[in-house]
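Peer 1: Just upload_32.txt, nothing more (compact mmCIF, C-alpha atoms):
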# COMPACT_ATOMS: atom_id res chain seq x y z
CA MET P 1308 100.56 -18.43 48.50
CA ARG P 1309 97.72 -18.98 51.01
CA MET P 1310 95.56 -20.46 48.27
CA ARG P 1311 98.29 -22.95 47.36
CA ALA P 1312 98.71 -24.01 51.01
CA ALA P 1313 94.96 -24.45 51.35
CA VAL P 1314 94.85 -26.57 48.19
CA GLU P 1315 97.72 -28.73 49.50
CA VAL P 1316 95.96 -29.22 52.83
CA LEU P 1317 92.74 -30.07 51.04
CA ALA P 1318 94.54 -32.50 48.71
CA GLY P 1319 96.20 -34.16 51.70
CA LEU P 1320 92.85 -34.45 53.42
CA LEU P 1321 91.26 -36.01 50.34
CA VAL P 1322 94.11 -38.52 50.05
CA THR P 1323 93.70 -39.40 53.74
CA LEU P 1324 89.94 -39.77 53.34
CA GLY P 1325 90.45 -41.88 50.23
CA LEU P 1326 92.82 -44.18 52.09
CA ALA P 1327 90.41 -44.43 54.99
CA ALA P 1328 87.60 -45.32 52.59
CA GLN P 1329 89.76 -48.00 50.99
CA ALA P 1330 90.73 -49.41 54.38
CA SER P 1331 87.12 -49.57 55.55
CA ALA P 1332 86.05 -51.11 52.23
CA ALA P 1333 88.58 -53.89 52.79
CA ASP P 1334 87.61 -54.39 56.43
CA PRO P 1335 85.52 -57.55 56.85
CA ALA P 1336 84.08 -56.09 60.03
CA ARG P 1337 82.34 -53.43 57.91
CA ASP P 1338 81.50 -55.52 54.85
CA SER P 1339 78.26 -57.32 54.09
CA PRO P 1340 77.15 -60.08 56.48
CA VAL P 1341 78.26 -62.69 53.90
CA ALA P 1342 81.78 -61.21 53.66
CA ARG P 1343 81.95 -60.85 57.44
CA GLY P 1344 80.82 -64.46 57.85
CA ARG P 1345 83.46 -65.67 55.39
CA TYR P 1346 86.09 -63.77 57.35
CA LEU P 1347 84.91 -65.32 60.64
CA VAL P 1348 84.86 -68.84 59.18
CA VAL P 1349 88.44 -68.38 57.98
CA VAL P 1350 89.93 -66.83 61.13
CA SER P 1351 88.02 -69.20 63.42
CA GLY P 1352 89.46 -72.25 61.68
CA CYS P 1353 86.08 -73.80 60.83
CA ASN P 1354 87.50 -75.28 57.63
CA ASP P 1355 90.26 -77.09 59.52
CA CYS P 1356 87.80 -79.75 60.66
CA HIS P 1357 84.61 -79.18 58.64
CA THR P 1358 86.18 -79.17 55.13
CA PRO P 1359 87.49 -82.45 53.69
CA GLY P 1360 91.24 -82.29 53.05
CA TYR P 1361 91.55 -78.64 54.06
CA MET P 1362 94.63 -78.99 56.25
CA GLN P 1363 96.19 -81.70 54.09
CA ASN P 1364 95.63 -80.08 50.69
CA GLY P 1365 96.61 -76.46 50.79
CA GLY P 1366 94.08 -74.95 53.16
CA PRO P 1367 92.92 -71.65 51.71
CA LYS P 1368 93.79 -72.83 48.20
CA LEU P 1369 90.78 -75.18 48.29
CA PRO P 1370 87.87 -73.63 46.38
CA GLU P 1371 85.01 -72.26 48.48
CA LYS P 1372 82.61 -74.59 46.68
CA ASP P 1373 84.24 -77.42 48.66
CA TRP P 1374 84.16 -75.71 52.06
CA LEU P 1375 82.26 -76.90 55.14
CA THR P 1376 80.75 -80.12 53.74
CA GLY P 1377 81.74 -82.21 56.77
CA VAL P 1378 84.30 -84.95 57.18
CA PRO P 1379 83.56 -88.68 57.57
CA VAL P 1380 86.62 -89.17 59.79
CA GLY P 1381 85.85 -89.40 63.48
CA TYR P 1382 87.51 -87.96 66.55
CA GLN P 1383 87.59 -90.59 69.26
CA GLY P 1384 88.27 -90.10 72.94
CA PRO P 1385 86.66 -90.73 76.32
CA TRP P 1386 83.52 -88.94 75.01
CA GLY P 1387 83.03 -91.50 72.21
CA THR P 1388 83.51 -90.74 68.51
CA SER P 1389 82.35 -87.42 67.12
CA TYR P 1390 82.38 -86.05 63.58
CA ALA P 1391 82.76 -82.58 62.07
CA SER P 1392 79.29 -81.95 60.69
CA ASN P 1393 78.38 -80.78 57.21
CA LEU P 1394 77.67 -77.19 58.19
CA ARG P 1395 76.16 -76.44 54.79
CA LEU P 1396 73.42 -78.99 55.37
CA VAL P 1397 73.01 -78.16 59.05
CA ILE P 1398 72.69 -74.41 58.55
CA ASN P 1399 70.65 -74.60 55.35
CA GLY P 1400 68.11 -76.64 57.30
CA MET P 1401 67.69 -73.98 60.01
CA SER P 1402 66.22 -70.55 60.42
CA GLU P 1403 68.55 -67.85 61.67
CA ALA P 1404 66.95 -68.07 65.14
CA GLN P 1405 67.43 -71.85 65.21
CA TRP P 1406 71.08 -71.40 64.22
CA LEU P 1407 71.66 -68.92 67.06
CA GLU P 1408 70.20 -71.38 69.55
CA HIS P 1409 72.15 -74.30 68.04
CA ALA P 1410 75.46 -72.40 68.10
CA ARG P 1411 75.10 -71.68 71.83
CA ARG P 1412 74.97 -75.32 72.90
CA GLU P 1413 77.80 -77.54 74.09
CA PHE P 1414 79.27 -79.92 71.49
CA LYS P 1415 81.42 -83.04 71.79
CA PRO P 1416 85.20 -82.63 71.52
CA PRO P 1417 87.23 -81.62 69.70
CA MET P 1418 84.76 -78.89 68.68
CA PRO P 1419 85.74 -75.68 70.51
CA TRP P 1420 82.11 -74.90 71.39
CA PHE P 1421 83.25 -72.46 74.07
CA ASN P 1422 84.76 -70.26 71.33
CA LEU P 1423 81.60 -70.42 69.23
CA ARG P 1424 79.56 -69.53 72.30
CA GLU P 1425 81.62 -66.35 72.74
CA MET P 1426 80.73 -65.03 69.29
CA THR P 1427 78.21 -62.22 69.30
CA ASP P 1428 74.78 -62.71 67.76
CA GLU P 1429 75.94 -60.47 64.90
CA ASP P 1430 78.98 -62.71 64.34
CA LEU P 1431 76.84 -65.82 64.32
CA LYS P 1432 74.32 -64.21 61.97
CA ALA P 1433 77.19 -63.36 59.61
CA VAL P 1434 78.46 -66.97 59.71
CA TYR P 1435 74.90 -68.09 58.99
CA ALA P 1436 74.67 -65.69 56.02
CA PHE P 1437 77.98 -66.88 54.58
CA VAL P 1438 77.26 -70.60 54.94
CA ARG P 1439 73.76 -70.13 53.47
CA SER P 1440 75.34 -68.28 50.53
CA LEU P 1441 77.37 -71.40 49.73
CA GLY P 1442 74.19 -73.48 49.39
CA ALA P 1443 73.50 -77.00 50.56
CA ALA P 1444 76.05 -79.54 49.32
CA GLY P 1445 77.45 -82.92 50.21
CA VAL P 1446 76.09 -85.54 52.55
CA ALA P 1447 75.55 -85.57 56.30
CA ALA P 1448 78.50 -86.55 58.44
CA PRO P 1449 78.25 -89.85 60.30
CA ALA P 1450 76.33 -89.83 63.57
CA TYR P 1451 78.05 -89.61 66.94
CA VAL P 1452 79.04 -92.99 68.43
CA ALA P 1453 78.94 -93.41 72.21
CA PRO P 1454 82.01 -94.74 74.06
CA GLY P 1455 82.55 -98.43 73.29
CA GLY P 1456 80.23 -98.31 70.27
CA LYS P 1457 81.11 -99.75 66.87
CA VAL P 1458 82.76 -97.21 64.59
CA ASN P 1459 82.62 -97.93 60.86
CA THR P 1460 84.77 -95.05 59.65
CA PRO P 1461 88.40 -94.01 59.99
CA TYR P 1462 89.03 -92.01 63.16
CA PHE P 1463 91.69 -90.11 65.06
CA VAL P 1464 92.34 -91.19 68.64
CA PHE P 1465 92.51 -88.32 71.10
CA VAL P 1466 94.02 -90.17 74.04
CA PRO P 1467 97.48 -89.35 75.36
CA GLN P 1468 99.98 -92.09 74.57
CA VAL P 1469 103.07 -93.09 76.55
CA ASP P 1470 105.99 -94.79 74.82
CA GLN P 1471 106.51 -97.84 77.07
CA LYS P 1472 110.26 -98.03 76.28
CA GLN P 1473 110.79 -94.42 77.36
CA ALA P 1474 108.60 -94.88 80.43
CA ALA P 1475 110.68 -97.90 81.50
CA THR P 1476 113.95 -95.90 81.35
CA ARG P 1477 112.75 -93.10 83.60
What does the file become when written as structure tokens?
Peer 2:
Amino acid sequence: MRMRAAVEVLAGLLVTLGLAAQASAADPARDSPVARGRYLVVVSGCNDCHTPGYMQNGGPKLPEKDWLTGVPVGYQGPWGTSYASNLRLVINGMSEAQWLEHARREFKPPMPWFNLREMTDEDLKAVYAFVRSLGAAGVAAPAYVAPGGKVNTPYFVFVPQVDQKQAATR
């Protein structure tokens, strides 16, 4: 009877260990730097702006081969007109140390640079590893245009609007 109980306890322990091993194997935090970087790119929303058509065409359904190639549509506001860069070209042209330095700087809106700045060096190295694994692809995004400059691309306007009819009735 004692032997049977011991075998049941051991079997339960092995099942628990097996489940723990499966859970850790599926945990991006413990996977390779490339898998961790992919996870961070996804949960950080990098594709939302840096992948053409990502939000309009099914988001995660877009193949990875199309990810992070930049978007030639500008974001215009009091800061001028900025563009979501082609991260595959940017990162493939940098060493890991250069990427860490680059990622810590302040960017024009709407880039949430303050979120990127909060990533650990290990997080940023993982993003670097993932983006490098995709390879260089696409063309560079258009250059930043200062306020009042001529913009030759489509752009979103990030300036609050007031409906004049509604404002008049208040």
Peer 1: May I have the residues within 12 Å of Gln1383 (chain P) as a PyMOL selection string, using only C-alpha atoms and disregarding those fewer than 3 positions away in the same chain?
Peer 2: chain P and resi 1380+1386-1391+1415-1417+1451-1458+1460-1467
Peer 1: Trp1374 (chain P): which residues within 9 Å, counting all atoms listed in the file, same-chain residues fewer than 5 positions away excluded, as a PyMOL selection string?
Peer 2: chain P and resi 1354+1357-1359+1361+1369+1395+1441
Peer 1: Could you check which of P:Pro1449, P:Gly1344, P:Glu1413, P:Gln1405 is closest to Tyr1382 (chain P), using only C-alpha atoms?
Peer 2: P:Pro1449
Peer 1: Using all atoms listed in the file, which protein or nucleic acid residues come within 12 Å of Met1426 (chain P)? Drop anything in the same chain fewer than 4 positions from it, and give the result as a list in words.
Peer 2: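 Contacts, in chain order: Gly1344, Leu1347, Val1348, Ser1351, Leu1407, Ala1410, Arg1411, Pro1419, Trp1420, Phe1421, Asn1422, Asp1430, Leu1431, Lys1432, Ala1433 and Val1434 of chain P.
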Peer 1: Measure the distance from CA of Met1362 (chain P) to CA of Leu1375 (chain P) in Å and round it to one decimal.
Peer 2: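 Atom-to-atom, CA of Met1362 (chain P) and CA of Leu1375 (chain P) are spaced 12.6 Å apart.
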Peer 1: Env of Ala1443 (chain P): 9 Å cut, atoms = all atoms listed in the file, seq-sep filter 5 positions within chain, self excluded. Answer as a PyMOL selection string.
Peer 2: chain P and resi 1376+1394-1400+1438
Peer 1: So the first atom is CA of Cys1353 (chain P) and the second is CA of Pro1367 (chain P); what is the distance between them in Å, to one decimal place?
Peer 2: 11.6 Å
